[in-house]
$ cat model.cif   # mmCIF, C-alpha atoms
data_target
#
loop_
_atom_site.group_PDB
_atom_site.id
_atom_site.type_symbol
_atom_site.label_atom_id
_atom_site.label_comp_id
_atom_site.auth_asym_id
_atom_site.auth_seq_id
_atom_site.Cartn_x
_atom_site.Cartn_y
_atom_site.Cartn_z
ATOM 1 C CA MET U 1 -14.950 72.318 -116.586
ATOM 2 C CA SER U 2 -17.680 70.827 -118.752
ATOM 3 C CA GLU U 3 -21.212 70.333 -117.485
ATOM 4 C CA ALA U 4 -21.845 67.251 -115.364
ATOM 5 C CA SER U 5 -22.700 64.088 -117.271
ATOM 6 C CA PRO U 6 -26.230 62.802 -116.593
ATOM 7 C CA THR U 7 -24.802 59.278 -116.220
ATOM 8 C CA VAL U 8 -22.543 60.202 -113.281
ATOM 9 C CA PRO U 9 -23.982 60.000 -109.753
ATOM 10 C CA VAL U 10 -24.876 63.184 -107.936
ATOM 11 C CA VAL U 11 -23.317 63.622 -104.492
ATOM 12 C CA ILE U 12 -25.813 64.928 -101.925
ATOM 13 C CA LEU U 13 -24.581 66.142 -98.545
ATOM 14 C CA ASN U 14 -27.312 66.406 -95.953
ATOM 15 C CA ALA U 15 -26.735 69.114 -93.318
ATOM 16 C CA PRO U 16 -22.955 69.389 -93.726
ATOM 17 C CA GLN U 17 -21.394 71.370 -90.897
ATOM 18 C CA LEU U 18 -17.898 72.466 -91.890
ATOM 19 C CA ALA U 19 -16.928 74.341 -95.030
ATOM 20 C CA GLU U 20 -13.566 72.549 -94.956
ATOM 21 C CA ASN U 21 -15.320 69.197 -95.198
ATOM 22 C CA ILE U 22 -17.410 70.357 -98.136
ATOM 23 C CA GLY U 23 -14.229 71.464 -99.881
ATOM 24 C CA SER U 24 -12.543 68.143 -99.147
ATOM 25 C CA VAL U 25 -15.551 66.333 -100.602
ATOM 26 C CA ALA U 26 -15.260 68.415 -103.774
ATOM 27 C CA ARG U 27 -11.597 67.467 -103.996
ATOM 28 C CA VAL U 28 -12.225 63.707 -103.884
ATOM 29 C CA MET U 29 -15.170 64.071 -106.247
ATOM 30 C CA ALA U 30 -12.822 65.636 -108.773
ATOM 31 C CA ASN U 31 -10.279 62.843 -108.195
ATOM 32 C CA PHE U 32 -12.789 60.205 -109.257
ATOM 33 C CA GLY U 33 -14.815 61.893 -111.972
ATOM 34 C CA LEU U 34 -17.833 63.140 -110.000
ATOM 35 C CA SER U 35 -18.815 66.747 -110.474
ATOM 36 C CA GLU U 36 -22.396 67.462 -109.403
ATOM 37 C CA LEU U 37 -22.715 68.446 -105.746
ATOM 38 C CA ARG U 38 -25.953 69.169 -103.890
ATOM 39 C CA LEU U 39 -26.138 70.558 -100.373
ATOM 40 C CA VAL U 40 -29.137 70.187 -98.071
ATOM 41 C CA ASN U 41 -29.295 72.864 -95.377
ATOM 42 C CA PRO U 42 -25.566 73.487 -94.868
ATOM 43 C CA ARG U 43 -25.187 74.672 -91.288
ATOM 44 C CA ASP U 44 -23.303 77.872 -92.064
ATOM 45 C CA GLY U 45 -25.104 78.721 -95.298
ATOM 46 C CA TRP U 46 -23.638 78.798 -98.785
ATOM 47 C CA PRO U 47 -21.273 79.780 -100.363
ATOM 48 C CA GLN U 48 -18.401 79.591 -97.888
ATOM 49 C CA GLU U 49 -14.919 80.699 -98.914
ATOM 50 C CA ARG U 50 -13.174 78.096 -96.757
ATOM 51 C CA ALA U 51 -14.653 75.355 -98.902
ATOM 52 C CA TRP U 52 -12.774 76.591 -101.974
ATOM 53 C CA ALA U 53 -9.550 76.801 -99.980
ATOM 54 C CA SER U 54 -9.937 73.151 -98.896
ATOM 55 C CA ALA U 55 -10.734 71.950 -102.411
ATOM 56 C CA SER U 56 -7.129 72.572 -103.540
ATOM 57 C CA GLY U 57 -8.203 73.694 -107.004
ATOM 58 C CA ALA U 58 -11.105 71.288 -107.510
ATOM 59 C CA ASP U 59 -13.453 74.223 -107.828
ATOM 60 C CA TRP U 60 -16.013 72.957 -110.336
ATOM 61 C CA PRO U 61 -18.135 70.875 -107.928
ATOM 62 C CA LEU U 62 -18.296 73.894 -105.615
ATOM 63 C CA ASN U 63 -18.972 76.401 -108.374
ATOM 64 C CA GLY U 64 -21.952 74.373 -109.541
ATOM 65 C CA ALA U 65 -23.209 73.304 -106.098
ATOM 66 C CA ARG U 66 -26.956 73.671 -105.551
ATOM 67 C CA VAL U 67 -28.642 74.166 -102.180
ATOM 68 C CA PHE U 68 -31.924 72.497 -101.178
ATOM 69 C CA ALA U 69 -34.198 72.779 -98.185
ATOM 70 C CA SER U 70 -34.786 69.036 -97.828
ATOM 71 C CA VAL U 71 -33.464 65.677 -98.963
ATOM 72 C CA ALA U 72 -36.748 65.057 -100.760
ATOM 73 C CA GLU U 73 -36.208 68.151 -102.906
ATOM 74 C CA ALA U 74 -32.547 67.336 -103.524
ATOM 75 C CA ILE U 75 -33.326 63.900 -104.962
ATOM 76 C CA ALA U 76 -36.624 64.721 -106.674
ATOM 77 C CA ASP U 77 -35.220 64.315 -110.204
ATOM 78 C CA LEU U 78 -33.227 61.141 -109.413
ATOM 79 C CA THR U 79 -34.512 57.627 -109.988
ATOM 80 C CA LEU U 80 -31.951 55.648 -107.957
ATOM 81 C CA VAL U 81 -30.396 56.958 -104.751
ATOM 82 C CA PHE U 82 -28.299 55.070 -102.216
ATOM 83 C CA ALA U 83 -27.969 56.235 -98.625
ATOM 84 C CA THR U 84 -24.458 55.805 -97.243
ATOM 85 C CA THR U 85 -24.765 54.984 -93.554
ATOM 86 C CA ALA U 86 -24.656 52.193 -91.014
ATOM 87 C CA ARG U 87 -27.552 49.770 -91.308
ATOM 88 C CA PRO U 88 -30.728 51.325 -89.848
ATOM 89 C CA ARG U 89 -32.696 49.028 -87.558
ATOM 90 C CA GLU U 90 -36.051 50.556 -88.435
ATOM 91 C CA LEU U 91 -35.883 49.879 -92.178
ATOM 92 C CA THR U 92 -35.642 46.762 -94.330
ATOM 93 C CA LEU U 93 -33.811 48.285 -97.275
ATOM 94 C CA PRO U 94 -31.159 46.202 -99.056
ATOM 95 C CA VAL U 95 -27.725 46.698 -97.501
ATOM 96 C CA ILE U 96 -24.828 46.636 -99.974
ATOM 97 C CA THR U 97 -21.144 47.507 -100.139
ATOM 98 C CA PRO U 98 -19.757 50.496 -102.077
ATOM 99 C CA ARG U 99 -18.542 48.085 -104.783
ATOM 100 C CA GLN U 100 -21.966 46.524 -105.196
ATOM 101 C CA GLY U 101 -23.489 49.977 -105.152
ATOM 102 C CA ALA U 102 -21.164 51.199 -107.880
ATOM 103 C CA ALA U 103 -22.122 48.264 -110.094
ATOM 104 C CA GLU U 104 -25.828 48.991 -109.641
ATOM 105 C CA LEU U 105 -25.329 52.705 -110.259
ATOM 106 C CA HIS U 106 -23.488 51.939 -113.496
ATOM 107 C CA ALA U 107 -26.242 49.580 -114.610
ATOM 108 C CA ALA U 108 -28.870 52.237 -113.918
ATOM 109 C CA ALA U 109 -26.823 54.916 -115.681
ATOM 110 C CA ALA U 110 -26.516 52.662 -118.728
ATOM 111 C CA GLU U 111 -30.315 52.718 -118.912
ATOM 112 C CA GLY U 112 -30.334 56.511 -118.794
ATOM 113 C CA GLN U 113 -31.374 56.822 -115.166
ATOM 114 C CA ARG U 114 -30.221 59.708 -112.975
ATOM 115 C CA THR U 115 -28.578 58.450 -109.803
ATOM 116 C CA GLY U 116 -27.188 59.772 -106.549
ATOM 117 C CA LEU U 117 -25.304 59.029 -103.344
ATOM 118 C CA LEU U 118 -26.660 60.564 -100.149
ATOM 119 C CA PHE U 119 -24.339 61.318 -97.222
ATOM 120 C CA GLY U 120 -25.263 62.478 -93.751
ATOM 121 C CA GLY U 121 -23.815 65.305 -91.717
ATOM 122 C CA GLU U 122 -20.621 64.924 -89.751
ATOM 123 C CA ARG U 123 -22.253 64.639 -86.331
ATOM 124 C CA ALA U 124 -25.645 62.981 -86.706
ATOM 125 C CA GLY U 125 -25.467 61.126 -90.019
ATOM 126 C CA LEU U 126 -28.753 60.451 -91.811
ATOM 127 C CA GLU U 127 -32.216 60.417 -90.298
ATOM 128 C CA THR U 128 -34.420 57.391 -90.872
ATOM 129 C CA GLN U 129 -36.998 59.430 -92.776
ATOM 130 C CA ASP U 130 -34.328 60.505 -95.268
ATOM 131 C CA ILE U 131 -32.940 57.000 -95.670
ATOM 132 C CA ALA U 132 -36.474 55.796 -96.383
ATOM 133 C CA LEU U 133 -36.457 57.919 -99.543
ATOM 134 C CA CYS U 134 -33.583 55.853 -100.936
ATOM 135 C CA GLN U 135 -33.550 52.473 -102.656
ATOM 136 C CA ALA U 136 -30.696 50.845 -100.725
ATOM 137 C CA VAL U 137 -28.187 51.451 -97.951
ATOM 138 C CA VAL U 138 -24.479 51.449 -98.753
ATOM 139 C CA THR U 139 -22.331 50.447 -95.789
ATOM 140 C CA ILE U 140 -18.554 50.593 -95.867
ATOM 141 C CA PRO U 141 -16.966 47.409 -94.461
ATOM 142 C CA ILE U 142 -14.673 48.924 -91.860
ATOM 143 C CA ASP U 143 -13.102 47.507 -88.705
ATOM 144 C CA PRO U 144 -15.756 47.509 -85.937
ATOM 145 C CA ARG U 145 -13.110 48.530 -83.412
ATOM 146 C CA PHE U 146 -13.023 51.997 -84.999
ATOM 147 C CA ARG U 147 -15.977 52.908 -87.166
ATOM 148 C CA SER U 148 -15.336 56.634 -87.412
ATOM 149 C CA LEU U 149 -14.934 57.956 -90.957
ATOM 150 C CA ASN U 150 -14.973 61.612 -91.846
ATOM 151 C CA LEU U 151 -17.274 62.855 -94.560
ATOM 152 C CA ALA U 152 -14.650 63.176 -97.294
ATOM 153 C CA GLN U 153 -13.340 59.673 -96.584
ATOM 154 C CA ALA U 154 -16.798 58.191 -97.007
ATOM 155 C CA VAL U 155 -17.314 60.053 -100.274
ATOM 156 C CA ALA U 156 -13.839 59.053 -101.476
ATOM 157 C CA ILE U 157 -14.443 55.321 -100.942
ATOM 158 C CA ASN U 158 -17.736 55.371 -102.825
ATOM 159 C CA ALA U 159 -16.364 57.621 -105.577
ATOM 160 C CA TYR U 160 -13.351 55.348 -106.013
ATOM 161 C CA GLU U 161 -15.569 52.304 -106.425
ATOM 162 C CA TRP U 162 -17.613 54.166 -109.040
ATOM 163 C CA GLN U 163 -14.498 55.070 -110.996
ATOM 164 C CA ALA U 164 -12.909 51.638 -110.604
ATOM 165 C CA THR U 165 -16.056 49.976 -111.936
ATOM 166 C CA ALA U 166 -15.985 52.264 -114.961
ATOM 167 C CA ALA U 167 -12.287 51.733 -115.626
ATOM 168 C CA ASP U 168 -11.346 48.420 -114.048
ATOM 169 C CA ARG U 169 -7.767 48.495 -115.256
ATOM 170 C CA PRO U 170 -4.505 50.004 -114.033
ATOM 171 C CA PRO U 171 -3.403 53.384 -115.370
ATOM 172 C CA PRO U 172 -1.087 53.410 -118.401
ATOM 173 C CA ASN U 173 2.664 53.326 -117.914
ATOM 174 C CA PHE U 174 4.278 56.653 -117.150
ATOM 175 C CA ARG U 175 6.445 56.062 -120.208
ATOM 176 C CA GLU U 176 5.855 53.590 -122.972
ATOM 177 C CA GLY U 177 8.721 51.132 -123.121
ATOM 178 C CA PRO U 178 9.887 48.799 -125.872
ATOM 179 C CA GLY U 179 7.769 45.818 -126.798
ATOM 180 C CA PRO U 180 8.432 42.263 -125.652
ATOM 181 C CA ALA U 181 11.208 40.173 -127.155
ATOM 182 C CA THR U 182 10.432 37.814 -130.005
ATOM 183 C CA GLY U 183 10.238 34.085 -129.511
ATOM 184 C CA GLU U 184 13.425 33.739 -131.515
ATOM 185 C CA ALA U 185 15.289 36.113 -129.208
ATOM 186 C CA LEU U 186 14.016 34.330 -126.115
ATOM 187 C CA LEU U 187 14.985 30.935 -127.469
ATOM 188 C CA GLY U 188 18.467 32.261 -128.159
ATOM 189 C CA LEU U 189 18.740 33.367 -124.523
ATOM 190 C CA TYR U 190 17.447 30.044 -123.218
ATOM 191 C CA GLU U 191 19.831 27.976 -125.298
ATOM 192 C CA HIS U 192 22.789 30.227 -124.497
ATOM 193 C CA LEU U 193 22.121 29.954 -120.759
ATOM 194 C CA GLU U 194 21.499 26.200 -120.952
ATOM 195 C CA ARG U 195 24.796 25.591 -122.780
ATOM 196 C CA GLU U 196 26.723 27.386 -120.073
ATOM 197 C CA LEU U 197 24.842 25.633 -117.310
ATOM 198 C CA GLU U 198 25.578 22.293 -118.966
ATOM 199 C CA THR U 199 29.278 23.177 -119.086
ATOM 200 C CA ALA U 200 29.161 24.154 -115.421
ATOM 201 C CA GLY U 201 27.580 20.820 -114.451
ATOM 202 C CA PHE U 202 24.310 22.355 -113.297
ATOM 203 C CA PHE U 203 22.077 19.720 -114.866
ATOM 204 C CA HIS U 204 22.480 16.789 -112.497
ATOM 205 C CA PRO U 205 21.387 14.067 -112.511
ATOM 206 C CA PRO U 206 21.173 13.918 -116.309
ATOM 207 C CA GLU U 207 17.714 12.330 -116.407
ATOM 208 C CA LYS U 208 16.256 15.458 -114.787
ATOM 209 C CA THR U 209 17.697 17.780 -117.405
ATOM 210 C CA PRO U 210 14.482 18.139 -119.500
ATOM 211 C CA ASN U 211 12.395 19.095 -116.464
ATOM 212 C CA MET U 212 15.023 21.515 -115.203
ATOM 213 C CA ILE U 213 15.203 23.202 -118.595
ATOM 214 C CA GLN U 214 11.438 23.415 -118.747
ATOM 215 C CA ASN U 215 11.281 25.041 -115.313
ATOM 216 C CA LEU U 216 14.002 27.533 -116.207
ATOM 217 C CA ARG U 217 12.291 28.562 -119.422
ATOM 218 C CA SER U 218 8.950 28.895 -117.676
ATOM 219 C CA ALA U 219 10.433 31.110 -114.954
ATOM 220 C CA LEU U 220 12.257 33.332 -117.448
ATOM 221 C CA GLY U 221 9.245 33.570 -119.736
ATOM 222 C CA LYS U 222 7.114 35.092 -116.979
ATOM 223 C CA ALA U 223 9.381 38.144 -116.928
ATOM 224 C CA ARG U 224 8.320 39.184 -120.469
ATOM 225 C CA PHE U 225 11.760 40.491 -121.372
ATOM 226 C CA THR U 226 12.266 43.108 -124.045
ATOM 227 C CA ASP U 227 14.818 42.606 -126.827
ATOM 228 C CA GLN U 228 17.228 44.920 -125.007
ATOM 229 C CA GLU U 229 16.824 42.959 -121.779
ATOM 230 C CA VAL U 230 17.502 39.721 -123.634
ATOM 231 C CA ARG U 231 20.698 41.191 -125.087
ATOM 232 C CA THR U 232 21.748 42.400 -121.643
ATOM 233 C CA LEU U 233 21.154 38.995 -120.076
ATOM 234 C CA ARG U 234 23.087 37.230 -122.804
ATOM 235 C CA GLY U 235 25.929 39.629 -122.088
ATOM 236 C CA VAL U 236 25.702 38.697 -118.412
ATOM 237 C CA VAL U 237 25.859 34.983 -119.253
ATOM 238 C CA THR U 238 28.852 35.561 -121.503
ATOM 239 C CA ALA U 239 30.651 37.598 -118.836
ATOM 240 C CA LEU U 240 30.059 34.923 -116.231
ATOM 241 C CA SER U 241 31.286 32.138 -118.507
ATOM 242 C CA ARG U 242 34.443 34.058 -119.398
ATOM 243 C CA GLY U 243 35.001 34.861 -115.764
ATOM 244 C CA ARG U 244 34.774 31.170 -114.945
ATOM 245 C CA GLY U 245 37.349 30.466 -117.613
ATOM 246 C CA LYS U 246 39.725 32.990 -116.089
ATOM 247 C CA VAL U 247 39.289 31.429 -112.654
ATOM 248 C CA LEU U 248 40.009 27.971 -114.049
ATOM 249 C CA GLU U 249 43.069 29.322 -115.836
ATOM 250 C CA LYS U 250 44.409 30.809 -112.600
ATOM 251 C CA ILE U 251 43.837 27.536 -110.765
ATOM 252 C CA ALA U 252 45.691 25.591 -113.473
ATOM 253 C CA LYS U 253 48.640 27.984 -113.362
ATOM 254 C CA LYS U 254 48.770 27.767 -109.594
ATOM 255 C CA GLU U 255 48.871 23.986 -109.717
ATOM 256 C CA LYS U 256 51.734 24.135 -112.193
ATOM 257 C CA GLY U 257 53.552 26.700 -110.114
ATOM 258 C CA GLU U 258 53.414 29.287 -112.875
ATOM 259 C CA PRO U 259 53.141 32.998 -112.042
ATOM 260 C CA LYS U 260 49.608 34.430 -112.165
#
$ encode --input "model.cif" --output "structure tokens"
Amino acid sequence: MSEASPTVPVVILNAPQLAENIGSVARVMANFGLSELRLVNPRDGWPQERAWASASGADWPLNGARVFASVAEAIADLTLVFATTARPRELTLPVITPRQGAAELHAAAAEGQRTGLLFGGERAGLETQDIALCQAVVTIPIDPRFRSLNLAQAVAINAYEWQATAADRPPPNFREGPGPATGEALLGLYEHLERELETAGFFHPPEKTPNMIQNLRSALGKARFTDQEVRTLRGVVTALSRGRGKVLEKIAKKEKGEPK
């Protein structure tokens, strides 16, 4: 993998306990375009083989992970760092959501600033003195009936918001399909359908016909049919109209006593 971009937030894990959790964090970092991982006093030292096993192939954050003795050292080269934790009572830092945080991180990155997201250990979270080194607190809006999130989940939510802010659009289609039908093709479908509906007595009372046609065209237009879909639908309308004719023919023969 290429070297981490200076515009992408650094993920800092303070006192992580389990190698499996570190690996899971690396996995979600890779999912959402984050690659620089910093570890502060990992409980079982570093490196740990189980982390690579849990990363499921997302090795690059682990391969480049750096270890620090304190949070202060880990964020020394960063100009904007958000602590991800519940709101601390002792501090008066701004409290924002992951989405707001992502927007501010992007704005800072656009100015060339180095940024980071600080996460606490699995058991104790972040200490007040470490939070005080940050510029804001990011709190995930979760149901108060069950506030427990594991470390990788917390990283995933913040990483997703970062990526979604950068690319606020759905992914491309799995397969590019044909373009939309022309106005001429759509009009042909509308008029074909309306003729058959008129024959079937659908437009009643007559004075409401213009509004009914308008509503039909509006509803069909929202579907953004392709040319092939228009042709298919016109075939459906034709089949239905011919089928109606056959039914009427059978009824007429029955009334006359003719064989079917």
$ residues_around --input "model.cif" --residues "Ala185 of chain U" --least-positions-apart "2" --cutoff "10 Å" --atoms "all atoms listed in the file" --output "list in words"
Pro180, Ala181, Thr182, Gly183, Leu187, Gly188, Leu189, Tyr190, Phe225, Thr226, Asp227, Gln228, Val230 and Arg231 of chain U
$ closest_residue --input "model.cif" --among "U:Leu193, U:Val95, U:Met29, U:Val81" --to "Leu151 of chain U" --atoms "only C-alpha atoms"
U:Met29
$ residues_around --input "model.cif" --residues "Arg43 of chain U" --least-positions-apart "2" --cutoff "7 Å" --atoms "all atoms listed in the file" --output "list in words"
Ala15, Pro16, Gln17, Asn41 and Gly45 of chain U
$ resolve_selection --input "model.cif" --expression "the PyMOL selection byres ((chain U and resi 26) around 12)" --output "count of residues only"
45
$ atom_distance --input "model.cif" --atom1 "atom CA of Cys134 of chain U" --atom2 "atom CA of Arg99 of chain U"
17.4 Å
$ atom_distance --input "model.cif" --atom1 "atom CA of Thr238 of chain U" --atom2 "atom CA of Gly257 of chain U"
28.6 Å
$ residues_near_point --input "model.cif" --point "(28.1, 24.8, -118.8)" --cutoff "12 Å" --atoms "all atoms listed in the file" --output "mmCIF file with C-alpha atoms, in the coordinates of the input"
data_model
loop_
_atom_site.group_PDB
_atom_site.id
_atom_site.type_symbol
_atom_site.label_atom_id
_atom_site.label_comp_id
_atom_site.auth_asym_id
_atom_site.auth_seq_id
_atom_site.Cartn_x
_atom_site.Cartn_y
_atom_site.Cartn_z
ATOM 1 C CA GLU U 191 19.831 27.976 -125.298
ATOM 2 C CA HIS U 192 22.789 30.227 -124.497
ATOM 3 C CA LEU U 193 22.121 29.954 -120.759
ATOM 4 C CA GLU U 194 21.499 26.200 -120.952
ATOM 5 C CA ARG U 195 24.796 25.591 -122.780
ATOM 6 C CA GLU U 196 26.723 27.386 -120.073
ATOM 7 C CA LEU U 197 24.842 25.633 -117.310
ATOM 8 C CA GLU U 198 25.578 22.293 -118.966
ATOM 9 C CA THR U 199 29.278 23.177 -119.086
ATOM 10 C CA ALA U 200 29.161 24.154 -115.421
ATOM 11 C CA GLY U 201 27.580 20.820 -114.451
ATOM 12 C CA PHE U 202 24.310 22.355 -113.297
ATOM 13 C CA PHE U 203 22.077 19.720 -114.866
ATOM 14 C CA HIS U 204 22.480 16.789 -112.497
ATOM 15 C CA VAL U 237 25.859 34.983 -119.253
ATOM 16 C CA THR U 238 28.852 35.561 -121.503
ATOM 17 C CA LEU U 240 30.059 34.923 -116.231
ATOM 18 C CA SER U 241 31.286 32.138 -118.507
ATOM 19 C CA ARG U 242 34.443 34.058 -119.398
ATOM 20 C CA ARG U 244 34.774 31.170 -114.945
ATOM 21 C CA GLY U 245 37.349 30.466 -117.613
#
$ decode --input "model.cif" --residues "segment 23-32 of chain U" --atoms "all heavy atoms" --output "CSV table (one decimal), in the first residue's frame"
chain,number,residue,atom,x,y,z
U,23,GLY,N,-6.4,-5.5,15.5
U,23,GLY,CA,-6.6,-6.0,14.2
U,23,GLY,C,-8.0,-5.6,13.6
U,23,GLY,O,-8.0,-5.3,12.4
U,24,SER,N,-9.0,-5.7,14.4
U,24,SER,CA,-10.3,-5.3,13.9
U,24,SER,C,-10.4,-3.8,13.5
U,24,SER,O,-11.1,-3.4,12.6
U,24,SER,CB,-11.4,-5.6,14.9
U,24,SER,OG,-11.5,-7.0,15.1
U,25,VAL,N,-9.7,-3.0,14.3
U,25,VAL,CA,-9.6,-1.6,14.0
U,25,VAL,C,-8.9,-1.4,12.7
U,25,VAL,O,-9.3,-0.6,11.9
U,25,VAL,CB,-8.8,-0.8,15.2
U,25,VAL,CG1,-8.5,0.6,14.7
U,25,VAL,CG2,-9.7,-0.8,16.4
U,26,ALA,N,-7.8,-2.1,12.5
U,26,ALA,CA,-7.1,-2.0,11.2
U,26,ALA,C,-8.0,-2.3,10.0
U,26,ALA,O,-8.0,-1.7,9.0
U,26,ALA,CB,-5.9,-2.8,11.2
U,27,ARG,N,-8.8,-3.3,10.2
U,27,ARG,CA,-9.8,-3.7,9.2
U,27,ARG,C,-10.7,-2.6,8.8
U,27,ARG,O,-10.9,-2.3,7.6
U,27,ARG,CB,-10.5,-5.0,9.6
U,27,ARG,CG,-11.4,-5.6,8.6
U,27,ARG,CD,-12.0,-6.9,9.1
U,27,ARG,NE,-12.9,-7.5,8.1
U,27,ARG,CZ,-13.5,-8.6,8.2
U,27,ARG,NH1,-13.3,-9.3,9.3
U,27,ARG,NH2,-14.3,-9.1,7.2
U,28,VAL,N,-11.4,-2.0,9.8
U,28,VAL,CA,-12.3,-1.0,9.5
U,28,VAL,C,-11.6,0.3,9.0
U,28,VAL,O,-12.2,1.0,8.2
U,28,VAL,CB,-13.3,-0.6,10.7
U,28,VAL,CG1,-14.1,-1.9,11.0
U,28,VAL,CG2,-12.5,-0.1,11.9
U,29,MET,N,-10.4,0.5,9.4
U,29,MET,CA,-9.7,1.7,8.9
U,29,MET,C,-9.5,1.5,7.4
U,29,MET,O,-9.7,2.4,6.6
U,29,MET,CB,-8.3,1.8,9.6
U,29,MET,CG,-8.3,2.3,11.0
U,29,MET,SD,-6.7,2.2,11.8
U,29,MET,CE,-5.7,3.4,10.7
U,30,ALA,N,-9.1,0.3,7.0
U,30,ALA,CA,-8.9,0.0,5.6
U,30,ALA,C,-10.2,0.1,4.8
U,30,ALA,O,-10.2,0.6,3.6
U,30,ALA,CB,-8.3,-1.4,5.4
U,31,ASN,N,-11.3,-0.3,5.4
U,31,ASN,CA,-12.6,-0.2,4.7
U,31,ASN,C,-12.9,1.3,4.3
U,31,ASN,O,-13.5,1.5,3.3
U,31,ASN,CB,-13.7,-0.6,5.7
U,31,ASN,CG,-13.8,-2.1,5.9
U,31,ASN,OD1,-14.2,-2.6,6.9
U,31,ASN,ND2,-13.4,-2.9,4.9
U,32,PHE,N,-12.5,2.2,5.2
U,32,PHE,CA,-12.9,3.6,5.0
U,32,PHE,C,-11.8,4.6,4.7
U,32,PHE,O,-11.9,5.8,5.0
U,32,PHE,CB,-13.7,4.1,6.2
U,32,PHE,CG,-15.0,3.3,6.4
U,32,PHE,CD1,-15.1,2.4,7.5
U,32,PHE,CD2,-16.0,3.3,5.5
U,32,PHE,CE1,-16.3,1.7,7.7
U,32,PHE,CE2,-17.2,2.6,5.7
U,32,PHE,CZ,-17.3,1.7,6.8
